[in-house]
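Accompanying notes for the structure given below.
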Amino acid sequence: MLAKVISCSVSGVDGLPVQVEVDLAQGLPSFSTVGLAEGAVREAKDRVRAAIKNSGYEFPQRRITVNLAPAAVKKEGTGYDLPIALGILAAAGILQSNQLEQTAITGELSLDGSVRPVPGVLPMALAARQEGISRFLVPVANAAEAAIVQGLSVYGIERLDQAVEFLAGRIELIPLAIDPAELFARHDHYPVDFADVKGQEYAKRAMEIAAAGGHNLLLSGIPGTGKTMMARRLPTILPDLTLEEAIETTKVFSTAGLLPEKTPLLVTRPFRSPHHTVSDAGLIGGGQMPRPGEVSLAHNGVLFLDELPEFKKHVLEVLRQPLEDGTVTIARAASSLNFPARFMLVAAMNPCPCGFLGDRIRPCTCSPLQVQRYRSRLSGPLLDRIDMHIEVPAVQVKELIGQPSGETSAAIRERVNRARARQRQRFSGAAKLYCNTQMSAKEVKKFCRLDSASADLLNQSITRLGLSARAYHRILKIALTIADLAGSDLPNITHVAEAIQYRRIQYEL
């Protein structure tokens with residue numbers, strides 16, 4: 001007898017419907033799984049057999065064949081355990097239900113029949129809704145995550161026998177309902193605040209501009225100037241996450257299995273700070289079965305690279321594509337996957353290996369050759385892709401003691417939100433444009449028109465500093481962001497002059 005159960009898989013960070021076909025035939029008892037199933041899927045037969053027996057059902061002593069369609073897509077993970085078990089029971093006539101065609105099912109089985117959580121449930125739920133499926137049975141620990149998807153009835157399942165009884169119509173379960181607005185109101189807060197930062201008005205101004213336009217930022221200065229402290233507070237002044245952005249971010253964390261417990265939806269901007277020993281696969285993503293890397297986990301948030309020259313050079317060079325495109329493409333012989341990677345890059349570095357070059361109190365102990373080697377670890381093309389280069393001076397003790405608390409993150413974020421609102425209005429007719437840094441050369445020409453005085457100043461600066469065409473466009477984008485913060489439609493000479501100074505440090509390093 002043949003039974004069909006709908007399940008879901010994850011390809012990249014997107015869900016993929018999978019049909020689990022179970023056939024029971026005459027012959028010696030056996031259990032085979034086909035359809036490009038990797039190790040954890042093939043091992044499902046042992047978990048399923050034990051779970052069915054320990055749930056009080058008789059395991060059929062027949063020739064069992066399980067096909068996972070489409071067969072051309074590699075299947076991995078333990079989420080097929082529950083649909084395979086229900087397919088076997090349906091094929092054996094133990095489970096009789098006319099609801100299987102409109103029900104997607106996923107979950108890992110323990111040997112005692114309990115259902116364990118699996119990663120990637122949110123993209124699975126989105127895929128199920130897109131396919132017109134009305135119900136989704138998931139592990140109870142994943143139910144809140146799946147219930148974020150509106151228009152889909154989500155049921156949390158604790159045990160295999162509970163799923164059988166529910167599908168057979170012998171018991172009733174109440175679908176879980178989640179209000180995303182309530183999650184935003186309850187969890188939209190950060191544990192740190194810009195009010196903790198005293199002094200450093202120039203650097204804080206630069207970070208406000210970076211947040212308003214989504215610009216990448218490089219902070220350079222001696223140790224103890226507050227570079228890391230300010231970088232960790234940057235997400236607190238970024239614009240509020242929209243529901244669409246929150247779902248995009250949560251999909252990445254769900255796929256990677258890093259979604260925090262009791263957090264069905266990430267409503268704050270992610271902040272990722274990998275150690276400088278990270279590999280290129282850890283930063284960009286990859287592996288035998290490609291997984292999202294740090295750049296994708298920072299999607300819609302901040303990727304902070306502290307001690308930038310300490311990262312391996314070939315690791316930093318792989319940042320070029322995501323910085324330009326906002327996506328990461330992982331190519332393999334059998335397939336190619338795309339991961340989202342639209343993030344703000346914030347990097348921090350010292351001026352030399354010892355860190356005290358230019359300090360007025362502590363002398364630098366590095367030789368000119370050591371300083372040159374230290375700085376040469378950063379390639380010109382990578383630095384050219386970082387919009388703003390900020391030198392962070394030392395903070396005097398009297399500033400720490402005498403100054404009151406700085407401006408709060410809420411006050412800064414209010415100005416940033418107003419600037420982003422102007423940008424959304426500006427790009428209302430353009431697809432996938434959310435902030436100034438995402439403009440192409442075509443949009444820069446259209447929206448960054450300069451008067452003659454501003455154009456002359458910019459042209460002279462480009463010539464004297466030897467800036468590239470990419471730097472030219474990035475200065476225009478920064479100037480437009482400064483104009484947005486000032487409430488102006490077009491940048492003027494003051495805005496251009498301020499934007500130019502944020503590129504100078506690149507050529508002093």
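Residues in the structure tokens are numbered from 1 in each chain, the chains being A, B, ... in the order shown, and ligands are numbered from 1 in the order shown.
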
With only C-alpha atoms as the counted atoms, please give the residues lying no more than 9 Å from Ser405 (chain A), apart from itself and same-chain residues fewer than 6 positions off, as a PyMOL selection string. chain A and resi 194-198

Write out, as a PDB file, in the first residue's frame, the residues just selected, with N, CA, C and O atoms.
```
ATOM      1  N   PHE A 194      23.923  54.466  23.966  1.00  0.00           N
ATOM      2  CA  PHE A 194      24.952  55.440  23.618  1.00  0.00           C
ATOM      3  C   PHE A 194      25.154  56.478  24.720  1.00  0.00           C
ATOM      4  O   PHE A 194      26.140  57.209  24.704  1.00  0.00           O
ATOM      5  N   ALA A 195      24.235  56.573  25.663  1.00  0.00           N
ATOM      6  CA  ALA A 195      24.414  57.505  26.774  1.00  0.00           C
ATOM      7  C   ALA A 195      25.637  57.163  27.612  1.00  0.00           C
ATOM      8  O   ALA A 195      26.159  58.011  28.341  1.00  0.00           O
ATOM      9  N   ASP A 196      26.104  55.900  27.521  1.00  0.00           N
ATOM     10  CA  ASP A 196      27.283  55.489  28.280  1.00  0.00           C
ATOM     11  C   ASP A 196      28.574  56.060  27.705  1.00  0.00           C
ATOM     12  O   ASP A 196      29.608  56.038  28.378  1.00  0.00           O
ATOM     13  N   VAL A 197      28.544  56.532  26.458  1.00  0.00           N
ATOM     14  CA  VAL A 197      29.748  57.012  25.784  1.00  0.00           C
ATOM     15  C   VAL A 197      29.932  58.499  26.086  1.00  0.00           C
ATOM     16  O   VAL A 197      29.072  59.313  25.732  1.00  0.00           O
ATOM     17  N   LYS A 198      31.048  58.829  26.724  1.00  0.00           N
ATOM     18  CA  LYS A 198      31.347  60.225  27.032  1.00  0.00           C
ATOM     19  C   LYS A 198      32.437  60.732  26.090  1.00  0.00           C
ATOM     20  O   LYS A 198      33.392  60.017  25.792  1.00  0.00           O
TER      21      LYS A 198
END
```

I'd like the neighbourhood of region 461-469 of chain A as a list in words, where a residue qualifies if any of its atoms comes within 10 Å (using only C-alpha atoms), though same-chain residues fewer than 4 positions away should be ignored.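 That gives Pro381, Asp384, Ala441, Ala455, Asp456, Leu457, His473, Arg474, Ile475, Ala497, Ile500, Gln501, Arg503, Arg504, Gln506 and Tyr507 of chain A.
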
Residues flagged alpha helix (DSSP H) by DSSP in region 41-209 of chain A, as a PyMOL selection string: chain A and resi 41-42+44-54+81-91+121-130+143-146+160-167+180-187+201-209

How many Å separate CA of Phe59 (chain A) from CA of Leu24 (chain A)? 11.4 Å

Would you mind listing what lies within 9 Å of Met344 (chain A) as a PyMOL selection string, with only C-alpha atoms counted and same-chain residues fewer than 3 positions away left out? chain A and resi 210-211+214-217+298-304+323

Taking 6 positions as the minimum chain separation for residues in the same chain, which residues sit within 12 Å of Ser376 (chain A) when counting only C-alpha atoms? Answer as a VMD selection string. chain A and resid 308 to 310 312 to 313 351 to 353 369 to 370 382 to 383 509

Give me, as a PyMOL selection string, the residues of region 173-345 of chain A that a backbone DSSP run labels strand (DSSP E). chain A and resi 217-220+271-272+285-286+291-292+302-305+327-331+336-340+344-345

May I have the selected residues written with C-alpha atoms, as a CSV table (one decimal), in the first residue's frame?
```csv
chain,number,residue,atom,x,y,z
A,217,LEU,CA,32.8,52.2,8.9
A,218,LEU,CA,36.4,51.8,9.9
A,219,LEU,CA,37.5,53.1,13.4
A,220,SER,CA,41.2,53.6,14.0
A,271,PHE,CA,25.3,42.2,16.1
A,272,ARG,CA,28.0,39.7,15.1
A,285,GLY,CA,29.4,30.4,4.9
A,286,GLY,CA,30.0,27.0,3.3
A,291,ARG,CA,25.5,26.8,6.1
A,292,PRO,CA,25.2,30.6,6.7
A,302,VAL,CA,26.1,44.9,12.1
A,303,LEU,CA,29.2,42.8,11.4
A,304,PHE,CA,32.0,44.0,13.7
A,305,LEU,CA,35.6,43.0,13.0
A,327,THR,CA,24.4,38.4,-1.0
A,328,VAL,CA,26.8,35.4,-0.8
A,329,THR,CA,26.9,32.8,-3.4
A,330,ILE,CA,28.2,29.3,-2.4
A,331,ALA,CA,28.9,27.3,-5.5
A,336,SER,CA,24.7,26.8,-6.0
A,337,LEU,CA,23.1,28.5,-3.0
A,338,ASN,CA,22.5,32.1,-2.2
A,339,PHE,CA,22.6,33.5,1.4
A,340,PRO,CA,21.4,37.1,2.2
A,344,MET,CA,26.8,47.2,8.0
A,345,LEU,CA,30.5,46.4,8.3
```

With only C-alpha atoms as the counted atoms, please give the residues lying no more than 12 Å from region 87-96 of chain A, apart from itself and same-chain residues fewer than 2 positions off, as a PyMOL selection string. chain A and resi 1-7+19-25+31+45+48-49+51-53+55-68+80-85+98-101+105+160-170

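Put simply, CA of Ala127 (chain A) is 4.9 Å away from CA of Gly15 (chain A).
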
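Considering only C-alpha atoms, the residue among A:Val371, A:Cys8, A:Ala203, A:Ala147 positioned nearest to Pro393 (chain A) is A:Ala203.
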